[in-house]
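The structure appears right after this line, and notes come after that.
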Amino acid sequence: VHYEEYLDTMKGHANTAIDYVSDKISYFGGGSSDIAPSYTWEPNFYDEETIERLLTTLNTPLFPEGDVNKTSSSNVFKENLKLYRDTMSQEIDEPQVEGLVRSDESSYNAGNAVPATILSLVMNKDLNELVDSIKQLEEKFNSKFNYPYTFLNDEDFTEEFKETIRQFLPKEREVRFGKIDAEDWDIPETVDKEKYKHGVELLDSEGVSYAKKESYHNMCRFYSRTFYKHPLLKDIKYAWRLEPGVKFYCDIDYDVFKFMEDHNKVYGFVLNLYDSPQSVKTLWRDTIEFLKESPEYINEQGAFDWIKENMQKSVNFNITEGYSTCHFWTNFEITNLDFLRAEPYEKYMDYLESKGGFYYERWGDAPVRSLALGLFADKSQIHWFRDIGYSHSPYTNCPNSQKCDNKCTPGYFTPWDNLEIENCQANWMKYSMTDEQLNLY
Ligand code: GDP
Ligand code: MN
């Protein structure tokens with residue numbers, strides 16, 4: 001980093017940070033939002049030594065390379081599996097905090113307590129599986145809280161799709177259907193088609209799933225950098241992402257969006273996994289380049305150890321040249337969209353887009369979002385919803401709680417023994433959670 005240039009950048013930020021937020025809001029929705037942002041980014045004024053230290057940390061494996069071998073990896077894996085199972089076997093209930101907001105309070109503003117939505121990008125052919133997901137989410141949570149649904153699609157939703165969903169839901173539930181502009185969805189002109197073709201052929205030969213499916217690349221790029229700018233989300237601060245064919249097992253009797261807001265959370269997740277390292281071969285290298293150019297975006301309280309963990313699946317760390325590949329599984333996510341709308345995330349997305357990895361590789365929205373969170377957010381603002389029993393094949397978060405319906409087995413992460421190693425949750429507990437957070441439930 002050239003420190004002079006950095007200082008100049010910082011002077012610029014100091015003057016424009018506020019304008020930037022308001023500019024962006026009007027840019028997203030074609031009119032300024034009346035609602036104050038629920039997350040604002042303040043530029044970090046780091047001195048030269050701090051920048052050196054942060055970049056060094058981000059370039060250093062958590063465990064010295066000499067310590068990583070088959071025996072140590074396998075021991076750590078066993079230890080992590082035990083930590084996960086011991087934790088999940090503890091009986092829990094709700095977060096033990098004052099003031100959880102319930103829907104039966106007379107002041108409860110159903111559907112509007114927080115500007116939030118349940119969000120689903122889906123295809124017409126997903127209808128039946130989507131209705132299954134909605135049914136469970138309604139039963140466990142939303143019939144009490146009445147949050148609106150937003151459905152997005154790159155094609156037009158059929159009348160059958162819209163009617164089926166409307167008829168399935170109670171009349172008072174607001175439902176919005178939106179179309180995604182082709183320019184926000186399709187592969188951009190700037191992608192070199194030859195390079196793309198060679199890239200996906202290599203990934204396909206390496207067994208990376210969906211490598212050859214262009215719509216999947218579009219979907220990952222859309223969920224990384226575009227969805228939160230959709231006009232239907234203009235005034236929305238929190239989005240709970242819902243996918244077809246998922247399961248919910250436990251009653252949620254408090255307003256989770258309000259919980260996010262009251263406890264200043266940027267992100268809520270339930271499952272935490274390793275990714276296919278081939279799909280993100282150069283993502284970390286590019287990320288480091290970005291951070292060298294813009295160190296002011298790094299949050300000193302980031303989840304660095306979780307990113308740099310290199311023991312349980314050291315091969316992933318080696319292939320990606322420095323990223324554990326641990327990520328939040330975004331098929332369930334509750335996101336503070338203003339975190340995505342703030343400058344660090346936006347600039348990071350622009351940078352990643354310029355590298356083309358959504359197509360030359362198969363960068364998932366999950367590792368992209370997770371790296372942004374691990375680098376730009378304070379890790380204490382990322383919340384593990386231990387109490388939300390959830391399954392998207394082949395992984396499950398199943399708590400031991402009276403609120404669950406016995407359709408999952410507590411602590412049972414996957415039916416496939418050989419997939420147990422894909423679980424990163426123990427690393428999150430060890431490296432990113434405080435004792436207070438571990439004892440929250
Ligand atoms: P997986 O969970 O990684 O196997 O990916 P999915 O196939 O479940 O896709 C993730 C989400 O994006 C799901 O909600 C899909 O319905 C949606 N999705 C995937 N591809 C497309 C697409 O081409 N068009 C639309 N509209 N939605 C898609
Ligand atoms: Mn899915």
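Letters A, B, ... go to the chains of the structure tokens in the order shown; residues in each chain start at 1; ligands are counted from 1 in the same order.
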Using only C-alpha atoms, which residues sit within 8 Å of segment 161-173 of chain A once same-chain residues fewer than 5 positions away are excluded, as a compact mmCIF listing (two decimals) with C-alpha atoms, in the first residue's frame?
```txt
# COMPACT_ATOMS: atom_id res chain seq x y z
CA ASN A 124 -42.09 -21.35 -12.23
CA LEU A 127 -43.86 -24.01 -7.43
CA VAL A 131 -45.26 -24.12 -1.49
CA ASN A 146 -47.36 -11.64 8.89
CA TYR A 147 -44.25 -10.53 7.01
CA PRO A 148 -44.65 -9.99 3.26
CA TYR A 149 -43.22 -12.28 0.63
```
Distance table requested - chain A against ligand 2, cut-off 9 Å, only C-alpha atoms and all ligand atoms: one row per qualifying residue with the closest atom pair and its distance in Å to one decimal, ordered by chain and rising residue number, as JSON lines.
```
{"residue": "A:Glu243", "atom": "CA", "partner": "ligand 2", "partner_atom_place_in_ligand_line": "1 (Mn)", "distance": 5.9}
{"residue": "A:Pro244", "atom": "CA", "partner": "ligand 2", "partner_atom_place_in_ligand_line": "1 (Mn)", "distance": 6.8}
{"residue": "A:Gly245", "atom": "CA", "partner": "ligand 2", "partner_atom_place_in_ligand_line": "1 (Mn)", "distance": 7.5}
{"residue": "A:Val246", "atom": "CA", "partner": "ligand 2", "partner_atom_place_in_ligand_line": "1 (Mn)", "distance": 7.9}
{"residue": "A:Asn331", "atom": "CA", "partner": "ligand 2", "partner_atom_place_in_ligand_line": "1 (Mn)", "distance": 6.1}
{"residue": "A:His392", "atom": "CA", "partner": "ligand 2", "partner_atom_place_in_ligand_line": "1 (Mn)", "distance": 6.8}
{"residue": "A:Ser393", "atom": "CA", "partner": "ligand 2", "partner_atom_place_in_ligand_line": "1 (Mn)", "distance": 7.9}
```
Could the residues of chain A that have an atom at most 9 Å from ligand 1 be listed as a tab-separated table, each with its closest atom pair and the distance in Å to one decimal, counting only C-alpha atoms and all ligand atoms and ordered by chain and ascending residue number?
```
residue	atom	partner	partner_atom_place_in_ligand_line	distance
A:Ser120	CA	ligand 1	14 (O)	6.0
A:Leu121	CA	ligand 1	14 (O)	4.9
A:Val122	CA	ligand 1	16 (O)	3.6
A:Met123	CA	ligand 1	26 (N)	4.2
A:Asn124	CA	ligand 1	26 (N)	7.6
A:Lys125	CA	ligand 1	16 (O)	8.5
A:Asp126	CA	ligand 1	16 (O)	6.0
A:Leu130	CA	ligand 1	16 (O)	8.3
A:Phe151	CA	ligand 1	26 (N)	8.9
A:Leu152	CA	ligand 1	26 (N)	6.5
A:Asn153	CA	ligand 1	26 (N)	3.7
A:Asp154	CA	ligand 1	26 (N)	4.8
A:Glu155	CA	ligand 1	26 (N)	6.5
A:Asp156	CA	ligand 1	26 (N)	9.0
A:Phe157	CA	ligand 1	26 (N)	9.0
A:Lys179	CA	ligand 1	26 (N)	8.7
A:Ile180	CA	ligand 1	26 (N)	8.4
A:Trp185	CA	ligand 1	24 (N)	8.9
A:Ser209	CA	ligand 1	4 (O)	8.7
A:Tyr210	CA	ligand 1	4 (O)	8.3
A:Glu214	CA	ligand 1	23 (O)	8.3
A:Ser215	CA	ligand 1	23 (O)	4.5
A:Tyr216	CA	ligand 1	20 (N)	5.2
A:His217	CA	ligand 1	20 (N)	8.5
A:Asn218	CA	ligand 1	23 (O)	7.2
A:Met219	CA	ligand 1	20 (N)	5.4
A:Cys220	CA	ligand 1	12 (O)	8.0
A:Tyr223	CA	ligand 1	12 (O)	8.3
A:Arg241	CA	ligand 1	14 (O)	8.5
A:Leu242	CA	ligand 1	14 (O)	6.9
A:Glu243	CA	ligand 1	14 (O)	4.2
A:Pro244	CA	ligand 1	14 (O)	5.7
A:Gly245	CA	ligand 1	8 (O)	8.3
A:Thr330	CA	ligand 1	2 (O)	8.7
A:Asn331	CA	ligand 1	2 (O)	6.3
A:Gly364	CA	ligand 1	3 (O)	8.4
A:His392	CA	ligand 1	2 (O)	7.6
A:Ser393	CA	ligand 1	2 (O)	8.2
```
Pull C-alpha atoms from the residues just selected and write them as a CSV table (one decimal), in the first residue's frame.
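As written to disk, result_11.csv reads:
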```csv
chain,number,residue,atom,x,y,z
A,120,SER,CA,-37.3,-16.0,-2.8
A,121,LEU,CA,-35.6,-16.2,-6.2
A,122,VAL,CA,-37.4,-19.0,-8.0
A,123,MET,CA,-38.5,-20.5,-11.3
A,124,ASN,CA,-42.1,-21.4,-12.2
A,125,LYS,CA,-41.2,-25.0,-12.1
A,126,ASP,CA,-40.2,-24.6,-8.4
A,130,LEU,CA,-41.8,-23.7,-2.9
A,151,PHE,CA,-40.7,-13.5,-5.3
A,152,LEU,CA,-38.2,-12.7,-8.0
A,153,ASN,CA,-37.6,-14.4,-11.3
A,154,ASP,CA,-35.6,-13.8,-14.5
A,155,GLU,CA,-38.7,-14.8,-16.4
A,156,ASP,CA,-42.4,-13.9,-16.0
A,157,PHE,CA,-44.2,-15.7,-13.3
A,179,LYS,CA,-39.1,-9.7,-12.7
A,180,ILE,CA,-35.3,-9.3,-12.9
A,185,TRP,CA,-29.3,-11.5,-14.9
A,209,SER,CA,-21.3,-29.1,-9.6
A,210,TYR,CA,-23.3,-26.8,-11.9
A,214,GLU,CA,-24.9,-20.8,-17.2
A,215,SER,CA,-28.1,-20.0,-15.3
A,216,TYR,CA,-26.4,-21.2,-12.1
A,217,HIS,CA,-23.5,-18.7,-12.7
A,218,ASN,CA,-26.2,-16.0,-13.3
A,219,MET,CA,-28.0,-17.0,-10.1
A,220,CYS,CA,-24.8,-16.8,-8.0
A,223,TYR,CA,-27.5,-13.2,-5.3
A,241,ARG,CA,-34.1,-15.9,2.1
A,242,LEU,CA,-36.2,-18.9,1.4
A,243,GLU,CA,-35.6,-21.7,-1.1
A,244,PRO,CA,-37.9,-24.4,-2.5
A,245,GLY,CA,-37.8,-27.8,-0.8
A,330,THR,CA,-26.9,-18.8,2.0
A,331,ASN,CA,-30.0,-20.8,1.0
A,364,GLY,CA,-20.9,-18.9,-5.2
A,392,HIS,CA,-31.7,-28.1,2.9
A,393,SER,CA,-30.4,-31.3,1.6
```
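Nearest to Pro344 of chain A of all the residues A:Ser294, A:Asn264, A:Asn128, A:Asn318 is A:Ser294, counting only C-alpha atoms.
Residue nearest Leu54 of chain A within the list A:Pro415, A:Ser324, A:Asn310, A:Phe304: A:Phe304 [criterion: smallest interatomic distance, only C-alpha atoms].
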Taking 6 positions as the minimum chain separation for residues in the same chain, which residues sit within 6 Å of Asn299 of chain A when counting only C-alpha atoms? Answer as a compact mmCIF listing (two decimals) with C-alpha atoms, in the first residue's frame.
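So result20.txt came out as:
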```
# COMPACT_ATOMS: atom_id res chain seq x y z
CA LEU A 375 -13.78 -8.99 6.51
CA PHE A 376 -16.06 -5.94 6.75
CA ALA A 377 -18.42 -6.79 9.61
```
May I have the residues within 12 Å of Glu289 of chain A as a PyMOL selection string, using only C-alpha atoms and disregarding those fewer than 6 positions away in the same chain?
-> chain A and resi 1+55+58-59+282-283+295+348+351-352+355
File of the preceding selection, N, CA and C atoms, as a compact mmCIF listing (two decimals), in the first residue's frame:
```txt
# COMPACT_ATOMS: atom_id res chain seq x y z
N VAL A 1 0.85 -1.20 0.00
CA VAL A 1 0.00 0.00 0.00
C VAL A 1 0.88 1.24 0.00
N LEU A 55 -3.00 -6.83 7.15
CA LEU A 55 -2.71 -7.58 5.93
C LEU A 55 -1.84 -8.80 6.22
N LEU A 58 -4.08 -11.47 7.52
CA LEU A 58 -4.89 -12.05 6.45
C LEU A 58 -4.06 -12.87 5.47
N ASN A 59 -2.74 -12.74 5.56
CA ASN A 59 -1.88 -13.55 4.71
C ASN A 59 -1.24 -14.72 5.46
N THR A 282 -9.46 -18.60 -7.34
CA THR A 282 -8.74 -17.31 -7.28
C THR A 282 -9.48 -16.25 -6.47
N LEU A 283 -10.58 -16.64 -5.82
CA LEU A 283 -11.36 -15.63 -5.09
C LEU A 283 -10.56 -14.98 -3.96
N PRO A 295 -7.57 -0.87 2.25
CA PRO A 295 -7.53 -1.46 3.60
C PRO A 295 -8.51 -0.81 4.56
N TYR A 348 -16.44 -3.98 -3.15
CA TYR A 348 -15.93 -5.35 -3.26
C TYR A 348 -16.62 -6.06 -4.42
N TYR A 351 -15.28 -4.90 -7.67
CA TYR A 351 -13.96 -5.47 -7.92
C TYR A 351 -14.07 -6.94 -8.39
N LEU A 352 -14.91 -7.70 -7.69
CA LEU A 352 -15.06 -9.12 -8.08
C LEU A 352 -15.65 -9.23 -9.48
N LYS A 355 -13.15 -8.99 -12.14
CA LYS A 355 -12.28 -10.16 -12.27
C LYS A 355 -12.95 -11.31 -13.04
```
Picked from segment 62-139 of chain A by DSSP as helix (DSSP H, G or I), as a VMD selection string | chain A and resid 65 to 67 70 to 89 124 to 139
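Interatomic distance, atom CA of Lys258 of chain A to atom CA of Val114 of chain A: 6.3 Å.
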Residue contacts of Gly207 of chain A (12 Å, only C-alpha atoms) excluding same-chain residues fewer than 5 positions away, as a PyMOL selection string = chain A and resi 200-202+212+276-279+362
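The neighbours of Glu436 of chain A here are the residues that come within 12 Å of it, using only C-alpha atoms and leaving out any residue fewer than 2 positions away in the same chain; they are Pro95, Gln96, Val97, Ser380, Met429, Ser432, Met433, Thr434, Leu438, Asn439, Leu440 and Tyr441 of chain A.
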Could you name the residues that touch Trp240 of chain A at 6 Å or less, counting only C-alpha atoms, but leaving out those on the same chain fewer than 6 positions away, as a ChimeraX atom specification?
-> /A:118-119,333-334
Residues of segment 107-331 of chain A in strand (DSSP E or B), written as number ranges by chain | A: 116-121, 149-153, 175-179, 238-241, 247-248, 250, 267-269, 272-273, 327-328
Between A:Ser401, A:Gln425, A:Gln312, A:Thr117, which is the closest to Ser73 of chain A once you count only C-alpha atoms?
-> A:Gln312
Hey, which of A:Trp306, A:Phe177, A:Phe317, A:Phe259 ends up closest to Glu65 of chain A? Count only C-alpha atoms.
-> A:Phe317
Can you write out as a Markdown table which residues of segment 207-288 of chain A fall within 10 Å of segment 98-103 of chain A, alongside each residue's closest atom pair and its distance in Å to one decimal, counting only C-alpha atoms and ordering rows by chain and ascending residue number?
```
| residue | atom | partner | partner_atom | distance |
| --- | --- | --- | --- | --- |
| A:Ile252 | CA | A:Arg102 | CA | 9.8 |
| A:Asp253 | CA | A:Arg102 | CA | 6.5 |
| A:Tyr254 | CA | A:Arg102 | CA | 4.8 |
| A:Asp255 | CA | A:Val101 | CA | 5.5 |
| A:Val256 | CA | A:Val101 | CA | 8.4 |
| A:Phe257 | CA | A:Val101 | CA | 9.5 |
| A:Lys258 | CA | A:Val101 | CA | 6.9 |
| A:Phe259 | CA | A:Leu100 | CA | 6.7 |
| A:Asp262 | CA | A:Leu100 | CA | 9.0 |
```
